[in-house]
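Text of data.cif (mmCIF, C-alpha atoms) as supplied:
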data_entry
loop_
_atom_site.label_atom_id
_atom_site.label_comp_id
_atom_site.auth_asym_id
_atom_site.auth_seq_id
_atom_site.Cartn_x
_atom_site.Cartn_y
_atom_site.Cartn_z
CA MET A 9 -62.35 26.31 -30.95
CA THR A 10 -64.30 26.69 -27.70
CA ALA A 11 -65.77 23.32 -26.76
CA SER A 12 -68.21 22.22 -24.11
CA HIS A 13 -67.62 19.29 -21.81
CA GLN A 14 -70.02 17.23 -23.91
CA ASP A 15 -68.18 18.11 -27.10
CA GLN A 16 -64.93 16.91 -25.57
CA THR A 17 -66.51 13.73 -24.20
CA MET A 18 -68.11 12.80 -27.50
CA MET A 19 -65.02 13.55 -29.55
CA ALA A 20 -62.95 11.44 -27.16
CA ARG A 21 -65.42 8.60 -27.78
CA ALA A 22 -65.08 9.11 -31.54
CA LEU A 23 -61.30 8.92 -31.26
CA THR A 24 -61.56 5.68 -29.28
CA LEU A 25 -63.78 4.23 -32.00
CA ALA A 26 -61.39 5.36 -34.73
CA ALA A 27 -58.50 3.51 -33.08
CA LYS A 28 -60.35 0.22 -33.51
CA GLY A 29 -59.46 0.27 -37.20
CA ARG A 30 -55.74 0.76 -36.82
CA TYR A 31 -54.89 -2.83 -37.86
CA THR A 32 -57.26 -3.03 -40.82
CA THR A 33 -58.05 0.28 -42.52
CA THR A 34 -54.83 0.97 -44.41
CA PRO A 35 -54.45 2.64 -46.89
CA ASN A 36 -57.49 4.56 -45.62
CA PRO A 37 -57.30 6.65 -42.43
CA ASN A 38 -58.68 5.63 -39.05
CA VAL A 39 -61.93 7.53 -38.52
CA GLY A 40 -64.60 7.41 -35.83
CA CYS A 41 -68.00 9.07 -35.62
CA VAL A 42 -70.52 9.66 -32.82
CA ILE A 43 -73.99 11.13 -33.36
CA THR A 44 -75.88 12.65 -30.44
CA SER A 45 -79.32 13.99 -29.76
CA GLY A 46 -79.05 16.24 -26.73
CA ASN A 47 -76.84 14.36 -24.29
CA THR A 48 -77.66 10.94 -25.71
CA ILE A 49 -75.59 8.94 -28.18
CA ILE A 50 -77.96 7.72 -30.90
CA GLY A 51 -75.40 6.31 -33.31
CA GLU A 52 -71.73 5.58 -33.59
CA GLY A 53 -69.30 3.79 -35.85
CA TYR A 54 -65.78 3.56 -37.23
CA HIS A 55 -64.12 2.76 -40.52
CA ALA A 56 -62.91 -0.83 -40.36
CA PHE A 57 -61.87 -1.95 -43.85
CA PRO A 58 -61.06 -0.13 -47.11
CA GLY A 59 -63.95 -0.31 -49.54
CA GLU A 60 -66.50 -0.72 -46.75
CA PRO A 61 -68.76 2.05 -45.33
CA HIS A 62 -67.06 4.94 -43.57
CA ALA A 63 -67.57 5.82 -39.92
CA GLU A 64 -70.31 8.38 -40.64
CA VAL A 65 -72.35 5.86 -42.60
CA HIS A 66 -72.28 3.33 -39.79
CA ALA A 67 -73.25 5.99 -37.25
CA LEU A 68 -76.09 7.35 -39.42
CA LYS A 69 -77.46 3.85 -39.97
CA ALA A 70 -77.57 3.32 -36.21
CA ALA A 71 -79.20 6.72 -35.62
CA GLY A 72 -81.86 6.29 -38.32
CA ASP A 73 -84.49 9.03 -38.48
CA ASN A 74 -83.28 10.38 -35.14
CA ALA A 75 -80.27 11.90 -36.94
CA LYS A 76 -82.43 14.85 -38.02
CA GLY A 77 -81.33 17.87 -35.98
CA ALA A 78 -78.54 15.87 -34.30
CA THR A 79 -74.83 16.63 -33.82
CA ALA A 80 -72.18 14.48 -35.48
CA TYR A 81 -68.67 14.25 -34.04
CA VAL A 82 -66.11 13.04 -36.60
CA THR A 83 -62.37 12.61 -36.15
CA LEU A 84 -61.63 13.59 -39.77
CA GLU A 85 -63.40 15.93 -42.18
CA PRO A 86 -66.22 14.01 -43.93
CA CYS A 87 -65.15 13.03 -47.43
CA SER A 88 -66.54 14.99 -50.36
CA HIS A 89 -65.59 12.77 -53.28
CA HIS A 90 -66.74 9.53 -54.85
CA GLY A 91 -64.22 6.77 -54.22
CA ARG A 92 -65.18 3.19 -53.46
CA THR A 93 -67.95 4.70 -51.32
CA PRO A 94 -70.17 7.81 -51.77
CA PRO A 95 -69.29 11.14 -50.09
CA CYS A 96 -69.99 11.14 -46.36
CA CYS A 97 -70.75 14.87 -46.31
CA ASP A 98 -73.71 14.18 -48.65
CA ALA A 99 -74.95 11.44 -46.31
CA LEU A 100 -74.84 13.83 -43.34
CA ILE A 101 -76.69 16.50 -45.32
CA ALA A 102 -79.34 14.01 -46.45
CA ALA A 103 -79.85 12.90 -42.84
CA GLN A 104 -80.42 16.57 -41.90
CA VAL A 105 -77.95 16.73 -39.03
CA SER A 106 -77.77 20.27 -37.72
CA ARG A 107 -74.15 20.36 -36.53
CA VAL A 108 -70.89 18.62 -37.37
CA VAL A 109 -67.78 18.82 -35.17
CA CYS A 110 -64.56 17.72 -36.96
CA ALA A 111 -61.30 17.12 -35.17
CA MET A 112 -59.26 18.02 -38.25
CA GLN A 113 -59.41 18.76 -41.97
CA ASP A 114 -58.61 16.11 -44.53
CA PRO A 115 -54.82 16.39 -45.10
CA ASN A 116 -55.14 15.71 -48.83
CA PRO A 117 -54.46 19.15 -50.37
CA GLN A 118 -56.75 18.32 -53.30
CA VAL A 119 -59.79 17.80 -51.09
CA ALA A 120 -59.04 19.55 -47.77
CA GLY A 121 -61.91 21.80 -46.76
CA ARG A 122 -64.31 20.73 -49.48
CA GLY A 123 -66.42 18.53 -47.26
CA ILE A 124 -66.60 21.28 -44.66
CA ALA A 125 -67.56 23.83 -47.32
CA ARG A 126 -70.31 21.59 -48.68
CA LEU A 127 -71.76 21.07 -45.20
CA LYS A 128 -71.77 24.82 -44.53
CA ALA A 129 -73.36 25.54 -47.91
CA ALA A 130 -76.19 23.19 -46.94
CA GLY A 131 -76.80 25.13 -43.73
CA VAL A 132 -75.03 22.74 -41.36
CA GLU A 133 -73.12 24.34 -38.50
CA VAL A 134 -69.50 23.15 -38.61
CA ALA A 135 -66.71 23.41 -36.02
CA VAL A 136 -63.16 22.24 -36.72
CA GLY A 137 -60.15 21.65 -34.46
CA LEU A 138 -61.47 19.90 -31.36
CA MET A 139 -58.80 17.44 -30.14
CA ALA A 140 -56.91 17.88 -33.40
CA GLU A 141 -53.57 16.66 -32.03
CA GLN A 142 -55.12 13.42 -30.82
CA ALA A 143 -56.74 12.94 -34.22
CA LYS A 144 -53.42 13.52 -35.99
CA ALA A 145 -51.76 10.95 -33.75
CA LEU A 146 -54.18 8.33 -35.07
CA ASN A 147 -53.04 8.72 -38.67
CA PRO A 148 -49.39 9.84 -38.93
CA GLY A 149 -48.76 7.75 -42.03
CA PHE A 150 -51.87 8.83 -43.92
CA ILE A 151 -51.25 12.46 -43.07
CA LYS A 152 -47.60 12.38 -44.13
CA ARG A 153 -48.37 10.57 -47.38
CA MET A 154 -51.10 13.05 -48.26
CA LYS A 155 -48.95 16.09 -47.47
CA THR A 156 -45.52 15.03 -48.71
CA GLY A 157 -45.88 11.99 -50.97
CA MET A 158 -43.70 9.98 -48.58
CA PRO A 159 -44.63 7.30 -46.04
CA TYR A 160 -44.16 7.58 -42.29
CA VAL A 161 -41.04 5.53 -41.47
CA GLN A 162 -40.69 3.73 -38.14
CA LEU A 163 -37.25 2.27 -37.54
CA LYS A 164 -37.28 -0.62 -35.09
CA LEU A 165 -34.06 -1.37 -33.23
CA ALA A 166 -33.36 -3.96 -30.55
CA GLY A 167 -30.15 -4.16 -28.60
CA SER A 168 -28.27 -4.53 -25.36
CA LEU A 169 -27.48 -1.87 -22.78
CA ASP A 170 -24.17 -1.27 -24.55
CA GLY A 171 -25.86 -0.83 -27.95
CA ARG A 172 -25.10 -4.23 -29.48
CA THR A 173 -27.29 -6.54 -31.56
CA ALA A 174 -25.35 -9.79 -32.02
CA LEU A 175 -22.28 -11.58 -30.75
CA ALA A 176 -19.13 -11.60 -32.86
CA ASN A 177 -20.07 -15.09 -34.15
CA GLY A 178 -23.44 -13.75 -35.37
CA GLU A 179 -25.62 -15.26 -32.63
CA SER A 180 -28.47 -12.88 -31.79
CA GLN A 181 -31.54 -14.88 -30.73
CA TRP A 182 -32.81 -13.70 -28.44
CA ILE A 183 -31.55 -10.41 -27.00
CA THR A 184 -35.01 -9.22 -25.97
CA GLY A 185 -37.67 -11.31 -24.25
CA ALA A 186 -40.95 -12.82 -25.39
CA ALA A 187 -43.00 -9.81 -24.30
CA ALA A 188 -40.93 -7.46 -26.45
CA ARG A 189 -41.20 -9.79 -29.44
CA ALA A 190 -44.98 -9.91 -29.01
CA ASP A 191 -45.01 -6.13 -28.84
CA VAL A 192 -43.19 -5.99 -32.18
CA GLN A 193 -46.02 -8.03 -33.66
CA ARG A 194 -48.45 -5.30 -32.61
CA TRP A 195 -46.44 -2.67 -34.51
CA ARG A 196 -46.01 -4.87 -37.55
CA ALA A 197 -49.77 -5.42 -37.68
CA GLN A 198 -50.37 -1.67 -37.94
CA ALA A 199 -47.85 -1.07 -40.73
CA SER A 200 -48.57 -0.89 -44.44
CA ALA A 201 -45.19 -2.39 -45.28
CA ILE A 202 -42.24 -4.03 -43.53
CA LEU A 203 -38.89 -3.05 -45.05
CA SER A 204 -35.75 -5.18 -44.81
CA THR A 205 -32.72 -6.24 -46.82
CA SER A 206 -31.14 -9.25 -48.45
CA GLU A 207 -28.46 -9.11 -45.75
CA THR A 208 -31.06 -9.68 -43.05
CA VAL A 209 -32.80 -12.43 -45.05
CA LEU A 210 -29.50 -14.28 -45.54
CA ALA A 211 -28.33 -13.83 -41.96
CA ASP A 212 -31.54 -14.54 -40.04
CA ASN A 213 -34.02 -16.12 -42.51
CA PRO A 214 -36.84 -14.09 -40.88
CA SER A 215 -40.57 -14.35 -41.57
CA LEU A 216 -41.24 -10.59 -41.21
CA ASN A 217 -44.97 -11.28 -41.04
CA VAL A 218 -47.76 -10.87 -38.49
CA ARG A 219 -48.29 -14.04 -36.47
CA SER A 220 -51.64 -14.12 -34.71
CA THR A 221 -50.45 -16.51 -32.00
CA GLN A 222 -47.76 -14.04 -30.94
CA LEU A 223 -49.93 -10.93 -30.86
CA PRO A 224 -50.75 -9.49 -27.43
CA ASP A 225 -54.06 -10.72 -26.01
CA ASP A 226 -55.91 -7.43 -26.54
CA VAL A 227 -55.16 -7.51 -30.27
CA GLN A 228 -56.09 -11.17 -30.62
CA ASN A 229 -59.39 -10.54 -28.87
CA ALA A 230 -60.24 -7.53 -31.05
CA TYR A 231 -59.06 -8.98 -34.36
CA PRO A 232 -59.68 -12.68 -34.94
CA LYS A 233 -57.13 -14.50 -37.06
CA ALA A 234 -59.37 -14.34 -40.14
CA ASP A 235 -59.33 -10.53 -40.05
CA LEU A 236 -55.58 -10.07 -39.72
CA ARG A 237 -54.02 -8.17 -42.59
CA GLN A 238 -50.49 -9.02 -43.66
CA PRO A 239 -48.35 -5.95 -44.42
CA THR A 240 -46.44 -5.98 -47.69
CA ARG A 241 -42.90 -7.17 -47.07
CA VAL A 242 -40.34 -5.20 -49.06
CA ILE A 243 -36.88 -6.71 -49.47
CA LEU A 244 -34.04 -4.59 -50.84
CA ASP A 245 -32.08 -7.13 -52.86
CA ARG A 246 -30.21 -5.06 -55.42
CA TYR A 247 -27.86 -7.86 -56.51
CA ASN A 248 -30.36 -10.77 -56.36
CA ARG A 249 -28.61 -12.43 -53.45
CA THR A 250 -31.70 -14.16 -52.02
CA SER A 251 -33.50 -17.21 -53.37
CA PRO A 252 -37.15 -18.33 -53.42
CA ASP A 253 -36.66 -20.87 -50.63
CA ALA A 254 -36.17 -18.11 -48.02
CA THR A 255 -38.98 -18.13 -45.45
CA VAL A 256 -40.05 -14.57 -46.21
CA TYR A 257 -40.98 -15.61 -49.77
CA GLN A 258 -42.75 -18.83 -48.82
CA LEU A 259 -45.37 -17.36 -46.49
CA SER A 260 -48.72 -15.92 -47.54
CA GLY A 261 -49.05 -12.20 -48.12
CA PRO A 262 -47.53 -9.88 -50.72
CA VAL A 263 -43.75 -9.51 -51.02
CA ILE A 264 -41.87 -6.98 -53.16
CA ARG A 265 -38.25 -7.50 -54.12
CA VAL A 266 -36.47 -4.27 -55.13
CA VAL A 267 -33.67 -5.22 -57.52
CA ASP A 268 -31.38 -3.72 -60.13
CA GLN A 269 -32.22 -6.38 -62.70
CA PRO A 270 -34.64 -9.32 -63.00
CA SER A 271 -33.79 -12.58 -61.28
CA ASP A 272 -33.50 -15.89 -63.10
CA HIS A 273 -35.36 -17.68 -60.29
CA LEU A 274 -38.99 -18.77 -60.42
CA TRP A 275 -40.69 -16.96 -57.53
CA PRO A 276 -43.94 -17.77 -55.69
CA GLU A 277 -46.97 -15.95 -57.08
CA GLN A 278 -47.19 -13.55 -54.12
CA VAL A 279 -43.67 -12.25 -54.85
CA SER A 280 -43.20 -9.40 -57.31
CA GLU A 281 -40.06 -7.63 -58.51
CA TRP A 282 -39.57 -3.91 -58.82
CA ILE A 283 -36.73 -3.22 -61.23
CA MET A 284 -35.16 0.00 -59.91
CA PRO A 285 -31.47 0.08 -60.87
CA GLY A 286 -29.47 2.40 -58.67
CA ALA A 287 -32.53 3.70 -56.81
CA GLY A 288 -31.86 5.51 -53.55
CA LEU A 289 -33.81 4.96 -50.36
CA ALA A 290 -35.84 8.15 -50.76
CA GLU A 291 -36.92 7.13 -54.26
CA ILE A 292 -37.95 3.66 -53.08
CA LEU A 293 -39.97 5.10 -50.22
CA GLN A 294 -41.65 7.56 -52.56
CA VAL A 295 -42.72 4.73 -54.84
CA LEU A 296 -44.09 2.83 -51.84
CA ALA A 297 -46.18 5.91 -51.00
CA LYS A 298 -47.46 6.02 -54.59
CA HIS A 299 -48.66 2.47 -53.98
CA ASN A 300 -50.73 3.79 -51.05
CA MET A 301 -48.43 2.63 -48.27
CA ASN A 302 -48.85 4.95 -45.31
CA THR A 303 -46.48 3.53 -42.71
CA VAL A 304 -43.26 1.62 -43.33
CA TRP A 305 -41.89 -0.44 -40.44
CA VAL A 306 -38.16 -1.12 -40.83
CA GLU A 307 -36.53 -4.27 -39.44
CA ALA A 308 -33.01 -4.63 -40.75
CA GLY A 309 -29.37 -4.49 -39.82
CA ALA A 310 -27.07 -1.67 -38.85
CA THR A 311 -26.30 -0.65 -42.44
CA LEU A 312 -29.84 0.13 -43.60
CA ALA A 313 -30.71 1.67 -40.23
CA GLY A 314 -27.72 3.98 -40.43
CA ALA A 315 -28.42 4.91 -44.05
CA LEU A 316 -32.03 5.82 -43.32
CA LEU A 317 -30.96 8.00 -40.40
CA THR A 318 -28.17 9.65 -42.38
CA ASP A 319 -30.61 10.51 -45.17
CA ALA A 320 -33.14 11.91 -42.66
CA LEU A 321 -35.80 9.41 -43.75
CA VAL A 322 -36.78 8.17 -40.29
CA ASP A 323 -39.81 9.70 -38.62
CA GLU A 324 -39.77 7.62 -35.45
CA LEU A 325 -37.33 5.36 -33.64
CA ILE A 326 -38.78 2.44 -31.70
CA VAL A 327 -35.96 0.92 -29.67
CA TYR A 328 -36.17 -2.17 -27.47
CA GLN A 329 -33.36 -2.36 -24.94
CA ALA A 330 -32.57 -5.51 -23.02
CA PRO A 331 -30.86 -5.48 -19.60
CA VAL A 332 -27.78 -7.34 -20.86
CA LEU A 333 -24.22 -6.46 -21.87
CA MET A 334 -22.66 -8.01 -24.97
CA GLY A 335 -19.16 -6.57 -25.09
CA ALA A 336 -16.96 -4.65 -27.50
CA ASP A 337 -16.57 -7.43 -30.08
CA SER A 338 -20.31 -7.65 -30.65
CA ARG A 339 -22.12 -6.06 -33.59
CA PRO A 340 -23.26 -2.45 -33.17
CA LEU A 341 -26.85 -1.27 -33.31
CA LEU A 342 -26.18 1.29 -36.05
CA ALA A 343 -23.64 1.90 -38.79
CA LEU A 344 -23.20 5.66 -38.57
CA GLU A 345 -20.22 7.77 -39.45
CA GLY A 346 -18.68 9.69 -36.57
CA TYR A 347 -19.29 13.33 -35.72
CA GLN A 348 -16.57 15.85 -35.01
CA THR A 349 -18.48 18.40 -32.92
CA MET A 350 -21.20 18.10 -30.29
CA SER A 351 -23.24 20.75 -32.07
CA ALA A 352 -23.57 18.46 -35.10
CA LEU A 353 -25.11 15.56 -33.18
CA THR A 354 -28.49 14.29 -34.29
CA ARG A 355 -30.87 14.86 -31.41
CA PHE A 356 -34.10 13.04 -30.71
CA HIS A 357 -36.97 13.68 -28.34
CA PHE A 358 -38.23 10.82 -26.19
CA ASP A 359 -41.99 10.47 -26.60
CA GLU A 360 -42.38 7.34 -24.51
CA ILE A 361 -40.34 4.98 -22.34
CA THR A 362 -42.30 1.86 -21.37
CA PRO A 363 -41.35 -1.40 -19.64
CA VAL A 364 -42.17 -4.40 -21.83
CA GLY A 365 -41.59 -7.57 -19.87
CA GLU A 366 -37.98 -7.49 -18.70
CA ASP A 367 -37.03 -4.99 -21.41
CA ILE A 368 -37.93 -1.38 -22.14
CA ARG A 369 -39.35 0.20 -25.27
CA MET A 370 -38.30 3.74 -26.16
CA ARG A 371 -40.11 5.79 -28.78
CA ALA A 372 -38.30 8.87 -30.07
CA THR A 373 -38.78 11.42 -32.82
CA LEU A 374 -36.36 13.97 -34.21
CA SER A 375 -36.12 17.15 -32.18
CA GLU A 376 -37.86 20.07 -33.85
CA HIS A 377 -34.56 21.84 -34.60
CA ALA A 378 -33.01 18.77 -36.24
CA SER A 379 -32.73 18.97 -40.02
CA LYS A 380 -31.39 16.86 -42.83
CA ALA A 381 -28.23 18.96 -42.81
CA SER A 382 -27.61 18.06 -39.18
CA LEU A 383 -27.68 14.39 -40.11
CA GLN A 384 -24.64 14.69 -42.37
CA PRO A 385 -21.45 13.95 -40.38
CA LEU A 386 -18.90 16.72 -40.74
CA ASN A 387 -16.14 14.36 -41.80
CA ARG A 388 -18.13 12.85 -44.67
CA GLN A 389 -16.28 12.92 -47.98
CA LYS A 390 -18.25 14.69 -50.72
#
What would you get if you wrote out this structure as structure tokens?
Amino acid sequence: MTASHQDQTMMARALTLAAKGRYTTTPNPNVGCVITSGNTIIGEGYHAFPGEPHAEVHALKAAGDNAKGATAYVTLEPCSHHGRTPPCCDALIAAQVSRVVCAMQDPNPQVAGRGIARLKAAGVEVAVGLMAEQAKALNPGFIKRMKTGMPYVQLKLAGSLDGRTALANGESQWITGAAARADVQRWRAQASAILSTSETVLADNPSLNVRSTQLPDDVQNAYPKADLRQPTRVILDRYNRTSPDATVYQLSGPVIRVVDQPSDHLWPEQVSEWIMPGAGLAEILQVLAKHNMNTVWVEAGATLAGALLTDALVDELIVYQAPVLMGADSRPLLALEGYQTMSALTRFHFDEITPVGEDIRMRATLSEHASKASLQPLNRQK
């Protein structure tokens, strides 16, 4: 679409507002809205918590009667259905706005375009597509879940310059520095679920939760401790190897144990068991998506990391690399079978390389030409 400088400025403001909800809105998308009269902002808002008013409602309330004849800039198509809140497209129509600029359509195939159609039918001018890529970047998990029925999977890895995660004796704390560990807290806080394994629980006794005291200052300032949402921790424990006294089960916040058969232990009330005998990783992720989990953050050992990559279930790698060398006897970052030709290698695209304290953080996604077939090593036995 052809956009004026004001359109771009106001949509950029709406995107900034939308990002304020990234720690709290799940399973709903991050959405921002700005309402203008001429060159003046008369109302703005963002969606902060599921079940509470959407961005458009907040912005309309601020604009009041001045919304008549105004332009609304929204980062996602206004909803057209009754959920826990009424349709936002109806609220915009009732306020008699004259124009709505949407960054993107709703990705849900059952509702995509309906809000836009309803606005147009009511005589509202609608434009779609302004800063669409930026809007998509705000909600990768929601978009993927709506389109594919699978969550967006972020695999976190942390290792040395020579790709190692622990010494031969198992010692691993700490490879990366305090700044990198605080940065991990930021990513955890945005996830719907944190996925790990019984192996990691037994080896490290981790908390796998969001700790407000370790969050970077900007997150602590924006989200007081009382507002912090704990992602659901999901522990793959097929053979019931873990016990209720593990730290991950003792802390507040929901925990799901995925097992082949029920455990004989008495678990804390926040811990539930999913009985899924023989379930593969894709099936487990699909069930997580059915439970409205948009983004799954994976913190586990080399085995699960390698399996997720082999099965082409990883959307994004987030790798922290420390400026240390650990040597050949140390544990590797990934458990991957070897390749026999260079053409078969799994290739990623670096999206970001950022210093974090003394370490670096690398974000990478699969190259466009990479496919699930390319992730199967040629020497794998069928």
> Written as a VMD selection string, which residues does the PyMOL selection byres ((chain A and resi 123) around 10) give for the file shown?
Replying inline: chain A and resid 85 to 89 95 to 98 113 to 114 119 to 122 124 to 129
> What separation in Å, quoted to one decimal, exists between CA of Arg241 (chain A) and CA of Ala26 (chain A)?
Replying inline: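 About the pair CA of Arg241 (chain A) and CA of Ala26 (chain A): they are 25.5 Å apart.
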>> For a quick check of understanding, using all atoms listed in the file, which of A:Tyr347, A:Tyr54, A:Phe356, A:Phe150 has the smallest distance to Lys298 (chain A)?
In response: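 Among the listed residues, the smallest separation from Lys298 (chain A) belongs to A:Phe150.
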> By how many Å are CA of Asn74 (chain A) and CA of Val108 (chain A) apart?
Replying inline: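 Result for CA of Asn74 (chain A) versus CA of Val108 (chain A): 15.0 Å, one decimal.
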> Neighbours of region 242-244 of chain A within 10 Å (all atoms listed in the file; same-chain residues fewer than 6 positions away dropped), as JSON, numbers by chain?
Replying inline: {"A": [201, 202, 203, 204, 205, 206, 207, 208, 209, 216, 250, 256, 257, 262, 263, 264, 265, 266, 267, 268, 279, 280, 281, 282, 289, 292, 296, 304, 305, 306, 308, 312]}
>> What would the selection look like, as a list in words, if the PyMOL selection byres ((chain A and resi 59-71) around 8) were run on the coordinates I just shared?
In response: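 Applying the PyMOL selection byres ((chain A and resi 59-71) around 8) to the structure shown produces Val39, Gly40, Cys41, Val42, Ile43, Ile50, Gly51, Glu52, Gly53, Tyr54, His55, Ala56, Phe57, Pro58, Gly72, Asp73, Asn74, Ala75, Val82, Pro86, Arg92, Thr93, Cys96, Ala99, Leu100 and Ala103 of chain A.
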>> Take the PyMOL selection byres ((chain A and resi 186-197) around 9), run it mentally on this structure, and tell me the resulting residues as an NGL selection string.
In response: :A and (30-32 or 164 or 182 or 184-185 or 198-202 or 216-220 or 222-224 or 227 or 236-239 or 305 or 328 or 364-369)
Restrict the calculation to only C-alpha atoms, then for each residue of region 275-329 of chain A with any atom at most 12 Å from an atom of region 339-342 of chain A give the closest atom pair and their distance in Å to one decimal, rows by chain and rising residue number, as CSV.
residue,atom,partner,partner_atom,distance
A:Glu307,CA,A:Leu341,CA,11.8
A:Ala308,CA,A:Leu342,CA,10.2
A:Gly309,CA,A:Leu342,CA,7.6
A:Ala310,CA,A:Leu342,CA,4.2
A:Thr311,CA,A:Leu342,CA,6.7
A:Leu312,CA,A:Leu342,CA,8.5
A:Ala313,CA,A:Leu342,CA,6.2
A:Gly314,CA,A:Leu342,CA,5.4
A:Ala315,CA,A:Leu342,CA,9.1
A:Leu316,CA,A:Leu342,CA,10.4
A:Leu317,CA,A:Leu342,CA,9.3
A:Thr318,CA,A:Leu342,CA,10.7
A:Val327,CA,A:Leu341,CA,10.1
A:Tyr328,CA,A:Leu341,CA,11.0
A:Gln329,CA,A:Leu341,CA,10.7
>> One decimal, in Å: what's the spacing between CA of Ala372 (chain A) and CA of Leu165 (chain A)?
In response: 11.5 Å
> In terms of the shortest atom-to-atom distance over all atoms listed in the file, which of A:Pro214, A:Ala254, A:Tyr247, A:Ser45 is closest to Pro270 (chain A)?
Replying inline: A:Tyr247
>> For a quick check of your reading of the model, name the residues lying within 6 Å of the coordinate (-32.5, -1.2, -58.7), counting all atoms listed in the file, and write them as a PyMOL selection string.
In response: chain A and resi 246+267-268+283-287
Residues of the last selection are to be written out with C-alpha atoms, as a PDB file, in the frame of the given file.
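part.pdb, freshly written:
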ATOM      1  CA  ARG A 246     -30.210  -5.060 -55.420  1.00  0.00           C
ATOM      2  CA  VAL A 267     -33.670  -5.220 -57.520  1.00  0.00           C
ATOM      3  CA  ASP A 268     -31.380  -3.720 -60.130  1.00  0.00           C
ATOM      4  CA  ILE A 283     -36.730  -3.220 -61.230  1.00  0.00           C
ATOM      5  CA  MET A 284     -35.160   0.000 -59.910  1.00  0.00           C
ATOM      6  CA  PRO A 285     -31.470   0.080 -60.870  1.00  0.00           C
ATOM      7  CA  GLY A 286     -29.470   2.400 -58.670  1.00  0.00           C
ATOM      8  CA  ALA A 287     -32.530   3.700 -56.810  1.00  0.00           C
TER       9      ALA A 287
END
Give me the box for region 355-371 of chain A as JSON, namely the centre and edge lengths in Å to one decimal of a box along x, y and z that holds every listed atom plus 6 Å on each side.
{"center_x": -36.6, "center_y": 3.6, "center_z": -25.1, "size_x": 23.5, "size_y": 34.4, "size_z": 24.7}
Compile the contact shell of Ala297 (chain A) as a PDB file with C-alpha atoms, in the coordinates of the input: residues with an atom at most 7 Å away, counting only C-alpha atoms, same-chain residues fewer than 2 positions apart removed.
ATOM      1  CA  ARG A 153     -48.370  10.570 -47.380  1.00  0.00           C
ATOM      2  CA  GLY A 157     -45.880  11.990 -50.970  1.00  0.00           C
ATOM      3  CA  MET A 158     -43.700   9.980 -48.580  1.00  0.00           C
ATOM      4  CA  PRO A 159     -44.630   7.300 -46.040  1.00  0.00           C
ATOM      5  CA  LEU A 293     -39.970   5.100 -50.220  1.00  0.00           C
ATOM      6  CA  GLN A 294     -41.650   7.560 -52.560  1.00  0.00           C
ATOM      7  CA  VAL A 295     -42.720   4.730 -54.840  1.00  0.00           C
ATOM      8  CA  HIS A 299     -48.660   2.470 -53.980  1.00  0.00           C
ATOM      9  CA  ASN A 300     -50.730   3.790 -51.050  1.00  0.00           C
ATOM     10  CA  MET A 301     -48.430   2.630 -48.270  1.00  0.00           C
ATOM     11  CA  ASN A 302     -48.850   4.950 -45.310  1.00  0.00           C
TER      12      ASN A 302
END
>> Under the rule that all atoms listed in the file are counted, which of A:Gln348, A:Thr303, A:Thr33, A:Thr373 is the nearest residue to Tyr160 (chain A)?
In response: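 Of A:Gln348, A:Thr303, A:Thr33, A:Thr373, the one nearest Tyr160 (chain A), counting all atoms listed in the file, is A:Thr303.
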>> Calculated over all atoms listed in the file, which of the candidates A:Leu146, A:Ala343, A:Leu274, A:Leu374 has the smallest distance to Ala27 (chain A)?
In response: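 Between A:Leu146, A:Ala343, A:Leu274, A:Leu374, the residue approaching Ala27 (chain A) most closely is A:Leu146.
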